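Asker: Input my_file04.txt, format and content: compact mmCIF, C-alpha atoms.
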```
# COMPACT_ATOMS: atom_id res chain seq x y z
CA MET U 14 -16.45 1.76 -2.52
CA ASN U 15 -17.81 2.99 0.83
CA ASP U 16 -16.33 0.15 2.86
CA TYR U 17 -13.48 0.89 5.25
CA PHE U 18 -10.97 -0.84 7.46
CA THR U 19 -10.27 0.74 10.85
CA LEU U 20 -6.65 1.28 11.92
CA ASN U 21 -5.47 0.69 15.48
CA ASN U 22 -5.72 4.43 16.22
CA GLY U 23 -9.35 4.61 15.04
CA VAL U 24 -8.64 6.18 11.65
CA LYS U 25 -10.71 4.69 8.82
CA ILE U 26 -8.93 3.66 5.62
CA PRO U 27 -10.95 3.08 2.43
CA SER U 28 -10.92 -0.60 1.55
CA ILE U 29 -9.56 -0.17 -2.00
CA GLY U 30 -6.78 2.24 -2.89
CA PHE U 31 -5.68 3.63 -6.25
CA GLY U 32 -2.01 2.83 -6.89
CA THR U 33 0.30 5.28 -8.69
CA TRP U 34 3.52 3.28 -9.08
CA GLN U 35 4.95 3.55 -12.63
CA THR U 36 2.40 6.23 -13.53
CA PRO U 37 4.22 8.91 -15.55
CA ASP U 38 4.33 12.34 -13.95
CA GLY U 39 2.62 15.30 -15.58
CA GLU U 40 -0.64 15.04 -17.50
CA THR U 41 -0.93 11.25 -17.16
CA ALA U 42 -0.69 11.26 -13.36
CA GLU U 43 -2.97 14.28 -13.10
CA ASN U 44 -5.61 12.83 -15.40
CA VAL U 45 -5.76 9.30 -14.01
CA VAL U 46 -5.84 10.43 -10.37
CA SER U 47 -8.54 12.97 -11.12
CA PHE U 48 -10.54 10.37 -13.06
CA ALA U 49 -10.23 7.78 -10.26
CA LEU U 50 -11.34 10.25 -7.59
CA LYS U 51 -14.28 11.42 -9.69
CA ASN U 52 -15.34 7.79 -10.15
CA GLY U 53 -15.59 6.34 -6.68
CA TYR U 54 -12.03 6.03 -5.39
CA SER U 55 -11.13 8.10 -2.34
CA HIS U 56 -7.79 6.49 -1.41
CA VAL U 57 -4.59 7.27 -3.36
CA ASP U 58 -1.35 5.44 -2.67
CA GLY U 59 1.84 7.22 -3.69
CA ALA U 60 5.52 7.56 -2.85
CA ALA U 61 8.34 10.04 -3.35
CA VAL U 62 10.39 7.54 -5.36
CA TYR U 63 7.60 7.22 -7.94
CA GLU U 64 8.66 10.73 -9.05
CA ASN U 65 5.10 11.74 -9.86
CA GLU U 66 3.86 13.50 -6.72
CA ASN U 67 3.46 16.82 -8.54
CA GLY U 68 1.11 15.24 -11.05
CA VAL U 69 -0.70 13.25 -8.37
CA GLY U 70 -1.20 16.43 -6.36
CA ARG U 71 -2.62 18.27 -9.37
CA GLY U 72 -4.96 15.33 -9.97
CA ILE U 73 -6.20 15.50 -6.39
CA LYS U 74 -6.93 19.20 -6.80
CA ALA U 75 -8.51 18.79 -10.25
CA SER U 76 -10.89 16.11 -8.97
CA GLY U 77 -12.76 18.69 -6.92
CA VAL U 78 -13.32 16.15 -4.15
CA PRO U 79 -13.07 17.82 -0.70
CA ARG U 80 -9.77 17.01 1.02
CA ASN U 81 -11.49 15.65 4.14
CA GLN U 82 -13.14 12.99 1.98
CA LEU U 83 -9.81 11.67 0.70
CA PHE U 84 -7.13 9.35 2.08
CA ILE U 85 -3.67 10.14 0.68
CA THR U 86 -0.51 8.09 1.30
CA SER U 87 3.17 8.75 0.65
CA LYS U 88 6.38 6.98 1.64
CA VAL U 89 9.90 7.95 2.69
CA TRP U 90 12.47 6.46 0.31
CA ASN U 91 15.51 4.42 1.32
CA THR U 92 18.05 7.19 0.74
CA GLU U 93 16.12 9.49 3.07
CA ARG U 94 15.83 7.21 6.11
CA GLY U 95 16.98 8.54 9.47
CA TYR U 96 15.58 11.25 11.74
CA GLU U 97 16.47 14.53 10.01
CA SER U 98 16.29 13.12 6.47
CA THR U 99 12.80 11.73 7.06
CA LYS U 100 11.56 15.11 8.30
CA LYS U 101 12.93 16.78 5.14
CA ALA U 102 11.54 14.07 2.86
CA PHE U 103 8.09 14.42 4.42
CA LYS U 104 8.13 18.19 3.96
CA LYS U 105 9.09 17.81 0.28
CA SER U 106 6.36 15.23 -0.42
CA LEU U 107 3.78 17.48 1.22
CA ALA U 108 4.91 20.43 -0.93
CA ASP U 109 5.01 18.36 -4.13
CA LEU U 110 1.51 17.05 -3.47
CA GLY U 111 0.24 20.51 -2.53
CA LEU U 112 -1.28 19.21 0.71
CA GLU U 113 -1.31 20.41 4.31
CA TYR U 114 -1.24 16.91 5.82
CA LEU U 115 -1.05 13.24 4.87
CA ASP U 116 -3.44 10.52 5.93
CA LEU U 117 -0.72 7.86 5.93
CA TYR U 118 3.08 7.97 5.74
CA LEU U 119 5.14 4.79 5.40
CA ILE U 120 8.78 3.69 5.58
CA HIS U 121 9.09 2.36 2.03
CA TRP U 122 11.58 -0.45 2.79
CA PRO U 123 13.31 -1.48 6.02
CA ALA U 124 17.02 -0.83 6.35
CA ASN U 125 18.68 -4.25 6.23
CA LEU U 126 21.85 -5.81 7.60
CA LYS U 127 23.16 -6.47 4.09
CA GLN U 128 23.67 -2.72 3.73
CA PHE U 129 23.80 -1.40 7.29
CA PRO U 130 25.24 -2.97 10.48
CA ILE U 131 22.89 -0.71 12.48
CA ALA U 132 19.78 -1.41 10.40
CA ASP U 133 17.38 -1.54 13.37
CA GLU U 134 18.72 1.76 14.68
CA ILE U 135 18.15 3.42 11.30
CA ASN U 136 14.59 2.12 11.18
CA LEU U 137 13.95 3.32 14.72
CA GLU U 138 15.31 6.81 13.99
CA THR U 139 13.11 7.01 10.91
CA TRP U 140 10.17 5.89 13.02
CA ARG U 141 10.97 8.49 15.70
CA ALA U 142 10.68 11.28 13.11
CA MET U 143 7.40 9.87 11.81
CA THR U 144 6.04 9.51 15.35
CA GLU U 145 6.75 13.19 16.01
CA LEU U 146 5.03 14.22 12.77
CA TYR U 147 2.07 12.05 13.72
CA LYS U 148 1.82 13.57 17.20
CA GLU U 149 1.99 17.05 15.64
CA GLY U 150 -1.08 16.19 13.52
CA LYS U 151 0.75 16.40 10.20
CA ILE U 152 0.04 12.72 9.51
CA LYS U 153 -3.17 10.93 10.50
CA ALA U 154 -1.55 7.48 10.59
CA ILE U 155 1.94 6.01 10.22
CA GLY U 156 3.21 2.64 9.13
CA VAL U 157 5.70 0.68 7.11
CA SER U 158 6.07 -1.12 3.80
CA ASN U 159 7.83 -4.41 3.01
CA PHE U 160 8.55 -5.10 6.69
CA GLN U 161 8.68 -8.71 7.86
CA PRO U 162 8.08 -9.70 11.51
CA HIS U 163 11.74 -9.34 12.51
CA HIS U 164 11.80 -5.80 11.09
CA LEU U 165 8.55 -4.92 12.84
CA LYS U 166 9.39 -6.19 16.33
CA PRO U 167 11.70 -3.29 17.35
CA LEU U 168 9.01 -0.78 16.30
CA MET U 169 6.39 -2.64 18.34
CA LYS U 170 8.29 -1.64 21.49
CA THR U 171 8.03 2.09 20.77
CA GLU U 172 5.42 4.61 21.94
CA ILE U 173 3.36 4.35 18.74
CA LYS U 174 3.17 1.00 16.98
CA PRO U 175 2.73 0.75 13.19
CA MET U 176 -0.83 1.02 11.93
CA VAL U 177 -0.21 -0.34 8.42
CA ASN U 178 2.22 -2.69 6.66
CA GLN U 179 2.11 -2.54 2.86
CA ILE U 180 3.53 -5.68 1.26
CA GLU U 181 3.48 -7.51 -2.06
CA TYR U 182 0.36 -9.66 -1.94
CA HIS U 183 -1.60 -11.45 -4.64
CA PRO U 184 -2.49 -15.01 -5.68
CA GLY U 185 0.87 -16.75 -5.82
CA CYS U 186 2.46 -14.40 -3.25
CA LEU U 187 0.66 -14.61 0.08
CA GLN U 188 3.43 -13.84 2.63
CA GLU U 189 1.45 -15.81 5.20
CA GLU U 190 3.86 -15.37 8.13
CA THR U 191 3.95 -11.58 7.76
CA VAL U 192 0.19 -11.32 7.29
CA ARG U 193 -0.45 -13.48 10.35
CA TYR U 194 1.94 -11.42 12.50
CA CYS U 195 0.29 -8.16 11.40
CA LYS U 196 -3.22 -9.40 12.09
CA GLU U 197 -2.17 -10.71 15.51
CA ASN U 198 -0.77 -7.25 16.31
CA ASP U 199 -3.63 -5.17 14.92
CA ILE U 200 -1.68 -3.87 11.92
CA VAL U 201 -3.71 -3.47 8.73
CA VAL U 202 -2.06 -5.07 5.70
CA GLU U 203 -2.12 -3.36 2.32
CA ALA U 204 -1.37 -5.20 -0.92
CA TRP U 205 0.94 -3.63 -3.46
CA SER U 206 0.76 -5.27 -6.89
CA PRO U 207 -2.49 -7.06 -5.98
CA LEU U 208 -2.68 -8.03 -9.65
CA GLY U 209 0.89 -9.35 -9.62
CA SER U 210 1.91 -6.41 -11.84
CA GLY U 211 -0.06 -8.26 -14.51
CA ARG U 212 1.98 -11.44 -14.09
CA VAL U 213 -0.91 -13.54 -12.74
CA LEU U 214 -3.61 -12.28 -15.09
CA SER U 215 -2.93 -14.96 -17.72
CA ASP U 216 -3.04 -17.90 -15.30
CA GLU U 217 -5.49 -20.50 -16.60
CA LYS U 218 -6.75 -21.54 -13.17
CA LEU U 219 -7.51 -17.94 -12.17
CA ILE U 220 -9.16 -17.30 -15.54
CA GLY U 221 -11.39 -20.32 -14.93
CA ILE U 222 -12.36 -19.22 -11.42
CA ALA U 223 -13.04 -15.64 -12.54
CA GLU U 224 -15.34 -16.90 -15.28
CA HIS U 225 -17.57 -18.50 -12.62
CA TYR U 226 -18.42 -14.99 -11.42
CA SER U 227 -18.45 -13.29 -14.86
CA LYS U 228 -15.51 -11.20 -13.64
CA SER U 229 -11.99 -10.54 -14.87
CA VAL U 230 -8.93 -12.06 -13.20
CA ALA U 231 -8.02 -8.54 -12.03
CA GLN U 232 -11.38 -8.22 -10.26
CA LEU U 233 -10.92 -11.70 -8.78
CA CYS U 234 -7.50 -10.67 -7.38
CA VAL U 235 -8.86 -7.46 -5.84
CA ARG U 236 -11.76 -9.34 -4.28
CA PHE U 237 -9.40 -12.07 -3.04
CA ALA U 238 -7.38 -9.50 -1.07
CA LEU U 239 -10.52 -7.92 0.41
CA GLN U 240 -11.93 -11.26 1.55
CA ASN U 241 -8.64 -11.97 3.30
CA GLY U 242 -8.95 -8.69 5.21
CA ILE U 243 -6.30 -6.91 3.14
CA VAL U 244 -6.49 -3.48 1.43
CA PRO U 245 -5.68 -3.88 -2.29
CA LEU U 246 -4.01 -1.04 -4.21
CA PRO U 247 -4.66 -1.80 -7.90
CA LYS U 248 -3.00 0.49 -10.42
CA SER U 249 -3.91 1.31 -14.01
CA VAL U 250 -3.68 4.25 -16.39
CA THR U 251 -6.58 2.94 -18.51
CA GLU U 252 -9.97 4.40 -17.61
CA GLU U 253 -11.85 1.18 -18.35
CA ARG U 254 -9.58 -0.83 -16.06
CA ILE U 255 -9.64 1.81 -13.34
CA LEU U 256 -13.41 1.39 -13.24
CA GLU U 257 -13.19 -2.40 -13.50
CA ASN U 258 -10.79 -2.67 -10.55
CA ARG U 259 -13.22 -0.90 -8.22
CA ASP U 260 -16.29 -2.91 -9.24
CA VAL U 261 -15.79 -5.87 -6.93
CA MET U 262 -18.42 -5.31 -4.26
CA ASP U 263 -21.19 -7.19 -6.07
CA PHE U 264 -19.83 -10.73 -5.75
CA GLU U 265 -18.20 -12.98 -3.17
CA ILE U 266 -15.63 -15.70 -3.82
CA THR U 267 -16.79 -19.00 -2.32
CA LYS U 268 -14.80 -20.71 0.43
CA GLU U 269 -13.95 -23.47 -2.01
CA ASP U 270 -12.55 -21.09 -4.61
CA MET U 271 -10.67 -19.12 -1.94
CA ALA U 272 -9.04 -22.37 -0.84
CA GLU U 273 -8.15 -23.23 -4.46
CA ILE U 274 -6.42 -19.87 -4.90
CA ILE U 275 -4.57 -20.14 -1.59
CA LYS U 276 -3.14 -23.57 -2.41
CA MET U 277 -1.82 -22.54 -5.83
CA GLY U 278 1.71 -22.10 -4.50
CA GLU U 279 4.28 -19.44 -5.29
CA PHE U 280 4.23 -17.78 -8.72
CA GLY U 281 4.11 -14.36 -10.31
CA GLY U 282 6.01 -12.58 -7.53
CA SER U 283 8.53 -9.79 -7.99
CA GLY U 284 11.27 -11.73 -6.22
CA LEU U 285 12.16 -8.70 -4.08
CA GLN U 286 13.25 -9.72 -0.58
CA PRO U 287 13.59 -6.99 2.09
CA ASP U 288 16.76 -8.51 3.57
CA GLU U 289 18.41 -8.87 0.16
CA ILE U 290 17.68 -5.58 -1.61
CA ASP U 291 20.63 -3.27 -2.20
CA PHE U 292 18.78 -0.12 -3.29
```
Could you write out this structure as structure tokens?
Answerer:
Amino acid sequence: MNDYFTLNNGVKIPSIGFGTWQTPDGETAENVVSFALKNGYSHVDGAAVYENENGVGRGIKASGVPRNQLFITSKVWNTERGYESTKKAFKKSLADLGLEYLDLYLIHWPANLKQFPIADEINLETWRAMTELYKEGKIKAIGVSNFQPHHLKPLMKTEIKPMVNQIEYHPGCLQEETVRYCKENDIVVEAWSPLGSGRVLSDEKLIGIAEHYSKSVAQLCVRFALQNGIVPLPKSVTEERILENRDVMDFEITKEDMAEIIKMGEFGGSGLQPDEIDF
């Protein structure tokens, strides 16, 4: 759990994050975050729209881990995009989490032309607010989530280019064009739902491959992302699985098995397309 990726501004990001999507606020969020941080995780991925940042913040505090040893992420939600709204949303997330700064702040989804005729302008205004917060030292790194190359290109022309792009990524959902573009432009890719939200865990082929290593399919999926140079963000509220998802540093998937997983084709994805969403 001590391995890191290095962002294009030199900031180090722990190679496995702890996801908090769908984690109920209150005691559940507090307890699972505290447990994860006490047991080897140092990277927590959150978002305002998850509606659990109060509990996540209490979990961070309860863990007792020094703040400078942690990497905490939040995201600005779609209804808060734009310059002034992003500044307010950031301030609220910081207050809800009980933190003085964030390590990473992301645009949760790109504005799209289906909803907005000036989608690129909205994304750029959101990015301008985040750039200012970054330059003020309130955020250590800034990036995006669910952006495809055509969404990213306008931001690449600005003063500060994105450092991270968090996308859906798991066996059966590889988003090869987006991953390739990010790697070519020195943008670290993070994987949300690296376990396919559980949808790929019952696949017979993956079960067979995982058995070769005496590992679970979940561990295989986490390791698969890492070996492809991608930061996985597995989520669980079960202590046993939280521990299982981090224990992937003691094996390596062979080139042959990596190739088998890559050629499996599309399955198990959420079906969410950034240019088609209406939320």
Asker: Find the residues with any atom within 7 Å of (-13.4, 14.4, -12.2); use all atoms listed in the file and the coordinates as given in the file, and write the answer as a PyMOL selection string.
Answerer: chain U and resi 47-48+50-51+75-77
Asker: Show which residues sit within 10 Å of Thr92 (chain U), as a count of residues only. Count all atoms listed in the file, and ignore same-chain residues fewer than 2 positions away.
Answerer: 10
Asker: Which residues come within 7 Å of Ile200 (chain U), counting all atoms listed in the file, excluding same-chain residues fewer than 3 positions away, as a list in words?
Answerer: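 What passes the distance filter is Asn21, Pro175, Met176, Val177, Asn178, Cys195 and Lys196 of chain U.
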Asker: CA of Trp122 (chain U) and CA of Tyr182 (chain U) are how many Å apart?
Answerer: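 Taking CA of Trp122 (chain U) as the start and CA of Tyr182 (chain U) as the end point, the length is 15.3 Å.
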Asker: Could you check the closest approach to Asp109 (chain U) for each of U:Asn65, U:Asn136, U:Thr191, U:Gln35 and tell me which residue wins, using only C-alpha atoms?
Answerer: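 Going through U:Asn65, U:Asn136, U:Thr191, U:Gln35 one by one, the smallest distance to Asp109 (chain U) is for U:Asn65.
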Asker: Take the point (5.9, 14.1, 10.9) as written in the file and pick out every residue within 10 Å of it, counting all atoms listed in the file; give the list as a list of chain:residue names.
Answerer: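 Neighbouring residues, ordered by chain and number, come to U:Thr99, U:Lys100, U:Lys101, U:Ala102, U:Phe103, U:Lys104, U:Tyr114, U:Leu115, U:Tyr118, U:Trp140, U:Arg141, U:Ala142, U:Met143, U:Thr144, U:Glu145, U:Leu146, U:Tyr147, U:Lys148, U:Glu149, U:Gly150, U:Lys151, U:Ile152, U:Lys153, U:Ala154, U:Ile155.
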Asker: Point out the residue among U:Ile222, U:Leu137, U:Ala204, U:Leu246 with the least atom-to-atom distance to Glu269 (chain U), counting all atoms listed in the file.
Answerer: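 Residue with the minimum atom-to-atom distance to Glu269 (chain U): U:Ile222.
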Asker: List as a list of chain:residue names the protein and nucleic acid residues near Ser28 (chain U), meaning an atom at most 6 Å away when all atoms listed in the file are counted, but skip any in the same chain fewer than 6 places from it.
Answerer: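 Listed by chain and then number, they are U:Asp16, U:Tyr17, U:Phe18, U:Val244.
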Asker: Store the residues picked out above, limited to C-alpha atoms, as a short mmCIF file (atom, residue, chain, number, x, y, z; two decimals), in the frame of the given file.
Answerer:
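As written to disk, out.cif reads:
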```cif
data_model
loop_
_atom_site.label_atom_id
_atom_site.label_comp_id
_atom_site.auth_asym_id
_atom_site.auth_seq_id
_atom_site.Cartn_x
_atom_site.Cartn_y
_atom_site.Cartn_z
CA ASP U 16 -16.33 0.15 2.86
CA TYR U 17 -13.48 0.89 5.25
CA PHE U 18 -10.97 -0.84 7.46
CA VAL U 244 -6.49 -3.48 1.43
#
```
Asker: In Å, how far is it from CA of Val192 (chain U) to CA of Trp205 (chain U)?
Answerer: 13.2 Å
Asker: I want to know what sits within 10 Å of Asp288 (chain U), based on all atoms listed in the file, with residues of the same chain fewer than 3 positions away left out; could you give that as a list of chain:residue names?
Answerer: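 Counting only the stated atoms, we get U:Trp122, U:Pro123, U:Ala124, U:Asn125, U:Leu126, U:Lys127, U:Gln128, U:Asn159, U:Phe160, U:Gln161, U:His164, U:Leu285, U:Asp291.
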Asker: May I have the residues from that selection written out with C-alpha atoms, as a PDB file, in the coordinates of the input?
Answerer:
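Output file again-v2.pdb is given in full below:
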```pdb
ATOM      1  CA  TRP U 122      11.580  -0.450   2.790  1.00  0.00           C
ATOM      2  CA  PRO U 123      13.310  -1.480   6.020  1.00  0.00           C
ATOM      3  CA  ALA U 124      17.020  -0.830   6.350  1.00  0.00           C
ATOM      4  CA  ASN U 125      18.680  -4.250   6.230  1.00  0.00           C
ATOM      5  CA  LEU U 126      21.850  -5.810   7.600  1.00  0.00           C
ATOM      6  CA  LYS U 127      23.160  -6.470   4.090  1.00  0.00           C
ATOM      7  CA  GLN U 128      23.670  -2.720   3.730  1.00  0.00           C
ATOM      8  CA  ASN U 159       7.830  -4.410   3.010  1.00  0.00           C
ATOM      9  CA  PHE U 160       8.550  -5.100   6.690  1.00  0.00           C
ATOM     10  CA  GLN U 161       8.680  -8.710   7.860  1.00  0.00           C
ATOM     11  CA  HIS U 164      11.800  -5.800  11.090  1.00  0.00           C
ATOM     12  CA  LEU U 285      12.160  -8.700  -4.080  1.00  0.00           C
ATOM     13  CA  ASP U 291      20.630  -3.270  -2.200  1.00  0.00           C
TER      14      ASP U 291
END
```
Asker: So the first atom is CA of Tyr63 (chain U) and the second is CA of Trp34 (chain U); what is the distance between them in Å, to one decimal place?
Answerer: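 The value is 5.8 Å.
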